[in-house]
Structure formats: C-alpha cells, structure tokens
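Listing of data.cif; format and content: mmCIF, C-alpha atoms, pLDDT in the B column; chains and numbers go by the auth columns.
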```cif
data_coords
loop_
_atom_site.group_PDB
_atom_site.id
_atom_site.type_symbol
_atom_site.label_atom_id
_atom_site.label_comp_id
_atom_site.label_asym_id
_atom_site.label_seq_id
_atom_site.Cartn_x
_atom_site.Cartn_y
_atom_site.Cartn_z
_atom_site.B_iso_or_equiv
_atom_site.auth_seq_id
_atom_site.auth_asym_id
ATOM 1 C CA MET A 1 78.356 116.439 120.385 84.00 1 A
ATOM 2 C CA ASP A 2 79.073 112.790 121.000 90.00 2 A
ATOM 3 C CA TRP A 3 79.326 109.754 118.756 92.00 3 A
ATOM 4 C CA ASN A 4 75.604 109.045 119.101 92.00 4 A
ATOM 5 C CA ASP A 5 74.800 112.536 117.747 92.00 5 A
ATOM 6 C CA ILE A 6 77.259 112.107 114.890 93.00 6 A
ATOM 7 C CA SER A 7 76.049 108.664 113.851 92.00 7 A
ATOM 8 C CA THR A 8 72.345 109.401 114.311 92.00 8 A
ATOM 9 C CA ASN A 9 72.586 112.446 112.023 91.00 9 A
ATOM 10 C CA TRP A 10 75.177 110.884 109.733 94.00 10 A
ATOM 11 C CA THR A 11 74.190 112.673 106.513 93.00 11 A
ATOM 12 C CA ASP A 12 74.475 116.099 108.126 94.00 12 A
ATOM 13 C CA SER A 13 77.556 115.106 110.093 95.00 13 A
ATOM 14 C CA LEU A 14 79.276 113.845 106.945 95.00 14 A
ATOM 15 C CA LYS A 15 78.717 117.191 105.193 95.00 15 A
ATOM 16 C CA ARG A 16 80.238 119.019 108.145 95.00 16 A
ATOM 17 C CA LEU A 17 83.084 116.531 108.455 96.00 17 A
ATOM 18 C CA LYS A 18 83.925 116.978 104.776 96.00 18 A
ATOM 19 C CA ALA A 19 84.179 120.734 105.321 96.00 19 A
ATOM 20 C CA ARG A 20 86.899 120.063 107.912 96.00 20 A
ATOM 21 C CA PHE A 21 88.365 116.901 106.377 97.00 21 A
ATOM 22 C CA PRO A 22 88.014 117.350 102.598 97.00 22 A
ATOM 23 C CA ARG A 23 89.786 114.110 101.672 97.00 23 A
ATOM 24 C CA ILE A 24 87.138 111.857 103.208 97.00 24 A
ATOM 25 C CA ASP A 25 86.439 109.144 100.670 96.00 25 A
ATOM 26 C CA GLU A 26 82.834 108.052 101.038 93.00 26 A
ATOM 27 C CA GLY A 27 83.532 105.027 98.827 91.00 27 A
ATOM 28 C CA LYS A 28 86.264 103.764 101.144 90.00 28 A
ATOM 29 C CA LEU A 29 84.434 104.800 104.299 88.00 29 A
ATOM 30 C CA GLY A 30 81.227 103.078 103.286 81.00 30 A
ATOM 31 C CA ARG A 31 78.052 103.622 105.223 86.00 31 A
ATOM 32 C CA ARG A 32 77.903 105.286 108.580 88.00 32 A
ATOM 33 C CA PRO A 33 80.853 103.993 110.649 89.00 33 A
ATOM 34 C CA VAL A 34 79.828 101.798 113.545 86.00 34 A
ATOM 35 C CA ARG A 35 82.516 103.136 115.895 92.00 35 A
ATOM 36 C CA PRO A 36 84.404 106.427 116.094 93.00 36 A
ATOM 37 C CA GLU A 37 87.668 104.497 115.835 94.00 37 A
ATOM 38 C CA VAL A 38 86.728 103.415 112.316 94.00 38 A
ATOM 39 C CA LEU A 39 86.155 107.030 111.269 96.00 39 A
ATOM 40 C CA ALA A 40 89.366 108.149 112.991 97.00 40 A
ATOM 41 C CA ALA A 41 91.365 105.447 111.171 97.00 41 A
ATOM 42 C CA HIS A 42 89.901 106.616 107.861 97.00 42 A
ATOM 43 C CA LEU A 43 90.700 110.249 108.653 97.00 43 A
ATOM 44 C CA ALA A 44 94.242 109.278 109.618 98.00 44 A
ATOM 45 C CA HIS A 45 94.807 107.418 106.372 97.00 45 A
ATOM 46 C CA GLN A 46 93.227 110.036 104.112 97.00 46 A
ATOM 47 C CA HIS A 47 94.832 113.056 105.779 98.00 47 A
ATOM 48 C CA ASP A 48 98.309 111.732 106.611 97.00 48 A
ATOM 49 C CA LEU A 49 97.712 111.790 110.361 98.00 49 A
ATOM 50 C CA THR A 50 98.548 109.284 113.050 98.00 50 A
ATOM 51 C CA GLU A 51 95.513 107.550 114.488 97.00 51 A
ATOM 52 C CA LEU A 52 96.030 109.458 117.745 97.00 52 A
ATOM 53 C CA GLU A 53 96.112 112.760 115.850 98.00 53 A
ATOM 54 C CA ALA A 54 92.953 111.780 113.985 98.00 54 A
ATOM 55 C CA VAL A 55 91.172 110.887 117.233 97.00 55 A
ATOM 56 C CA GLU A 56 92.159 114.257 118.687 97.00 56 A
ATOM 57 C CA GLU A 57 91.104 116.120 115.532 97.00 57 A
ATOM 58 C CA LEU A 58 87.757 114.319 115.523 96.00 58 A
ATOM 59 C CA ARG A 59 87.252 115.092 119.214 96.00 59 A
ATOM 60 C CA ASP A 60 88.095 118.773 118.614 97.00 60 A
ATOM 61 C CA TRP A 61 85.748 118.907 115.632 97.00 61 A
ATOM 62 C CA ALA A 62 82.904 117.397 117.702 96.00 62 A
ATOM 63 C CA PHE A 63 83.528 119.905 120.500 96.00 63 A
ATOM 64 C CA ILE A 64 83.382 122.835 118.076 96.00 64 A
ATOM 65 C CA GLN A 65 80.163 121.449 116.590 95.00 65 A
ATOM 66 C CA SER A 66 78.695 121.289 120.112 94.00 66 A
ATOM 67 C CA LEU A 67 79.638 124.900 120.767 95.00 67 A
ATOM 68 C CA ALA A 68 78.087 125.983 117.462 92.00 68 A
ATOM 69 C CA ARG A 69 74.868 124.141 118.289 89.00 69 A
ATOM 70 C CA GLN A 70 74.705 125.707 121.756 90.00 70 A
ATOM 71 C CA ALA A 71 75.258 129.181 120.306 92.00 71 A
ATOM 72 C CA SER A 72 72.523 128.577 117.759 87.00 72 A
ATOM 73 C CA GLU A 73 70.122 127.450 120.470 87.00 73 A
ATOM 74 C CA LEU A 74 70.913 130.525 122.560 85.00 74 A
ATOM 75 C CA GLU A 75 70.259 132.809 119.596 84.00 75 A
ATOM 76 C CA ALA A 76 66.920 131.100 119.002 86.00 76 A
ATOM 77 C CA ASN A 77 65.800 131.901 122.554 76.00 77 A
#
```
What is this file in structure tokens?
Amino acid sequence: MDWNDISTNWTDSLKRLKARFPRIDEGKLGRRPVRPEVLAAHLAHQHDLTELEAVEELRDWAFIQSLARQASELEAN
C-alpha cells in the first residue's frame, strides 16, 4: 500500500489508522493530508514519537495493510 492508496481511500484508511494510532485527532489533522509527511508529523505529535519514528511506524503500518490485502485477494481466488 502506498500513499496514493491511502489518500484515495482516505475514509477507510483513517478507520484502519485509528485502530493502530488511537490518538489521531481528526480535528487537528483536518481533511485528507496532502503528503505523508503531514500525517507522520501528526502521528509523531499525538503519540509522543519522533518524526522519524512516526514515518517508520506509518511505513510499517502500510506494509502490513498491503500484506492483509494480498492475503484477502488470495483467499478470494
């Protein structure tokens, strides 16, 4: 899953992100972030992470979401 997937399906992505990052503040985040760096900065602030840690956590989360989607597609076939 890349940033295009996340931002294109923002409503679904936000639900999944909130499961992993429960302190996301939609009011402070605003609408769909334009760049992943904006989301990472928000995650860092809300979850007491450095921005580098937040970028890594976001990247890991996206990778896990990709694996889950692939597994789901394999099961469907």
(request) Give me the result of the PyMOL selection byres ((chain A and resi 58) around 10) on this file, residue by residue, as a PyMOL selection string. (result) chain A and resi 17+20-21+36-37+39-40+43+52-57+59-64
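As for atom CA of A:Ala71 and atom CA of A:Val34, they are spaced 28.6 Å apart.
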(request) May I ask for the distance between atom CA of A:Ser7 and atom CA of A:Arg32, given in Å to one decimal place? (result) 6.5 Å
(request) Work out how far atom CA of A:Asp5 is from atom CA of A:Arg69, in Å to one decimal. (result) 11.6 Å
Kindly provide, as JSON, the centre and edge lengths (Å, one decimal) of an axis-aligned box around all atoms of stretch 61-67 of chain A given in the file, with 3 Å on each side.
```
{"center_x": 82.2, "center_y": 121.1, "center_z": 118.2, "size_x": 13.1, "size_y": 13.5, "size_z": 11.1}
```
(message) Could you check the closest approach to A:Met1 for each of A:Leu29, A:Leu67, A:Ala76, A:Ala19 and tell me which residue wins, using all atoms listed in the file?
(response) A:Leu67
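Distance annotation: of A:Glu51, A:Thr8, A:Lys18, A:Ser66, the residue with the minimal separation from A:Pro33 is A:Thr8; atom set is only C-alpha atoms.
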(message) Taking only C-alpha atoms into account, name the residue in A:Pro22, A:Arg16, A:Ala41, A:Arg35 that is nearest to A:Ala68.
(response) A:Arg16
Stretch 10-31 of chain A rebuilt with N, CA, C and O atoms, output as a tab-separated table (two decimals), in the frame of the given file:
```
chain	number	residue	atom	x	y	z
A	10	TRP	N	73.99	111.13	110.53
A	10	TRP	CA	75.18	110.88	109.73
A	10	TRP	C	75.25	111.74	108.47
A	10	TRP	O	76.30	112.26	108.13
A	11	THR	N	74.16	111.90	107.76
A	11	THR	CA	74.19	112.67	106.51
A	11	THR	C	74.65	114.10	106.77
A	11	THR	O	75.53	114.61	106.07
A	12	ASP	N	74.08	114.74	107.77
A	12	ASP	CA	74.47	116.10	108.13
A	12	ASP	C	75.90	116.13	108.68
A	12	ASP	O	76.69	117.00	108.32
A	13	SER	N	76.21	115.17	109.52
A	13	SER	CA	77.56	115.11	110.09
A	13	SER	C	78.61	114.93	109.01
A	13	SER	O	79.67	115.55	109.06
A	14	LEU	N	78.32	114.09	108.02
A	14	LEU	CA	79.28	113.84	106.94
A	14	LEU	C	79.55	115.13	106.17
A	14	LEU	O	80.70	115.43	105.84
A	15	LYS	N	78.52	115.91	105.89
A	15	LYS	CA	78.72	117.19	105.19
A	15	LYS	C	79.65	118.09	105.99
A	15	LYS	O	80.56	118.71	105.45
A	16	ARG	N	79.41	118.17	107.29
A	16	ARG	CA	80.24	119.02	108.14
A	16	ARG	C	81.65	118.47	108.29
A	16	ARG	O	82.62	119.22	108.32
A	17	LEU	N	81.76	117.15	108.38
A	17	LEU	CA	83.08	116.53	108.46
A	17	LEU	C	83.89	116.81	107.19
A	17	LEU	O	85.08	117.10	107.26
A	18	LYS	N	83.23	116.75	106.04
A	18	LYS	CA	83.92	116.98	104.78
A	18	LYS	C	84.40	118.43	104.65
A	18	LYS	O	85.38	118.69	103.97
A	19	ALA	N	83.71	119.35	105.32
A	19	ALA	CA	84.18	120.73	105.32
A	19	ALA	C	85.50	120.84	106.08
A	19	ALA	O	86.38	121.63	105.71
A	20	ARG	N	85.67	120.05	107.11
A	20	ARG	CA	86.90	120.06	107.91
A	20	ARG	C	87.95	119.09	107.38
A	20	ARG	O	89.13	119.34	107.45
A	21	PHE	N	87.48	117.96	106.87
A	21	PHE	CA	88.36	116.90	106.38
A	21	PHE	C	88.00	116.61	104.92
A	21	PHE	O	87.29	115.66	104.62
A	22	PRO	N	88.47	117.44	103.99
A	22	PRO	CA	88.01	117.35	102.60
A	22	PRO	C	88.41	116.08	101.85
A	22	PRO	O	87.81	115.77	100.83
A	23	ARG	N	89.36	115.32	102.38
A	23	ARG	CA	89.79	114.11	101.67
A	23	ARG	C	89.05	112.85	102.12
A	23	ARG	O	89.46	111.74	101.80
A	24	ILE	N	87.95	113.02	102.85
A	24	ILE	CA	87.14	111.86	103.21
A	24	ILE	C	86.68	111.20	101.92
A	24	ILE	O	86.21	111.86	101.00
A	25	ASP	N	86.85	109.91	101.85
A	25	ASP	CA	86.44	109.14	100.67
A	25	ASP	C	85.24	108.30	101.07
A	25	ASP	O	85.38	107.27	101.73
A	26	GLU	N	84.06	108.76	100.66
A	26	GLU	CA	82.83	108.05	101.04
A	26	GLU	C	82.83	106.62	100.53
A	26	GLU	O	82.27	105.73	101.17
A	27	GLY	N	83.46	106.38	99.37
A	27	GLY	CA	83.53	105.03	98.83
A	27	GLY	C	84.32	104.09	99.72
A	27	GLY	O	83.94	102.95	99.94
A	28	LYS	N	85.44	104.59	100.25
A	28	LYS	CA	86.26	103.76	101.14
A	28	LYS	C	85.66	103.68	102.54
A	28	LYS	O	85.79	102.68	103.22
A	29	LEU	N	85.02	104.76	102.96
A	29	LEU	CA	84.43	104.80	104.30
A	29	LEU	C	83.19	103.93	104.38
A	29	LEU	O	82.92	103.31	105.39
A	30	GLY	N	82.45	103.87	103.29
A	30	GLY	CA	81.23	103.08	103.29
A	30	GLY	C	80.10	103.80	104.00
A	30	GLY	O	80.09	105.03	104.09
A	31	ARG	N	79.18	103.04	104.49
A	31	ARG	CA	78.05	103.62	105.22
A	31	ARG	C	78.53	104.23	106.53
A	31	ARG	O	79.70	104.21	106.84
```
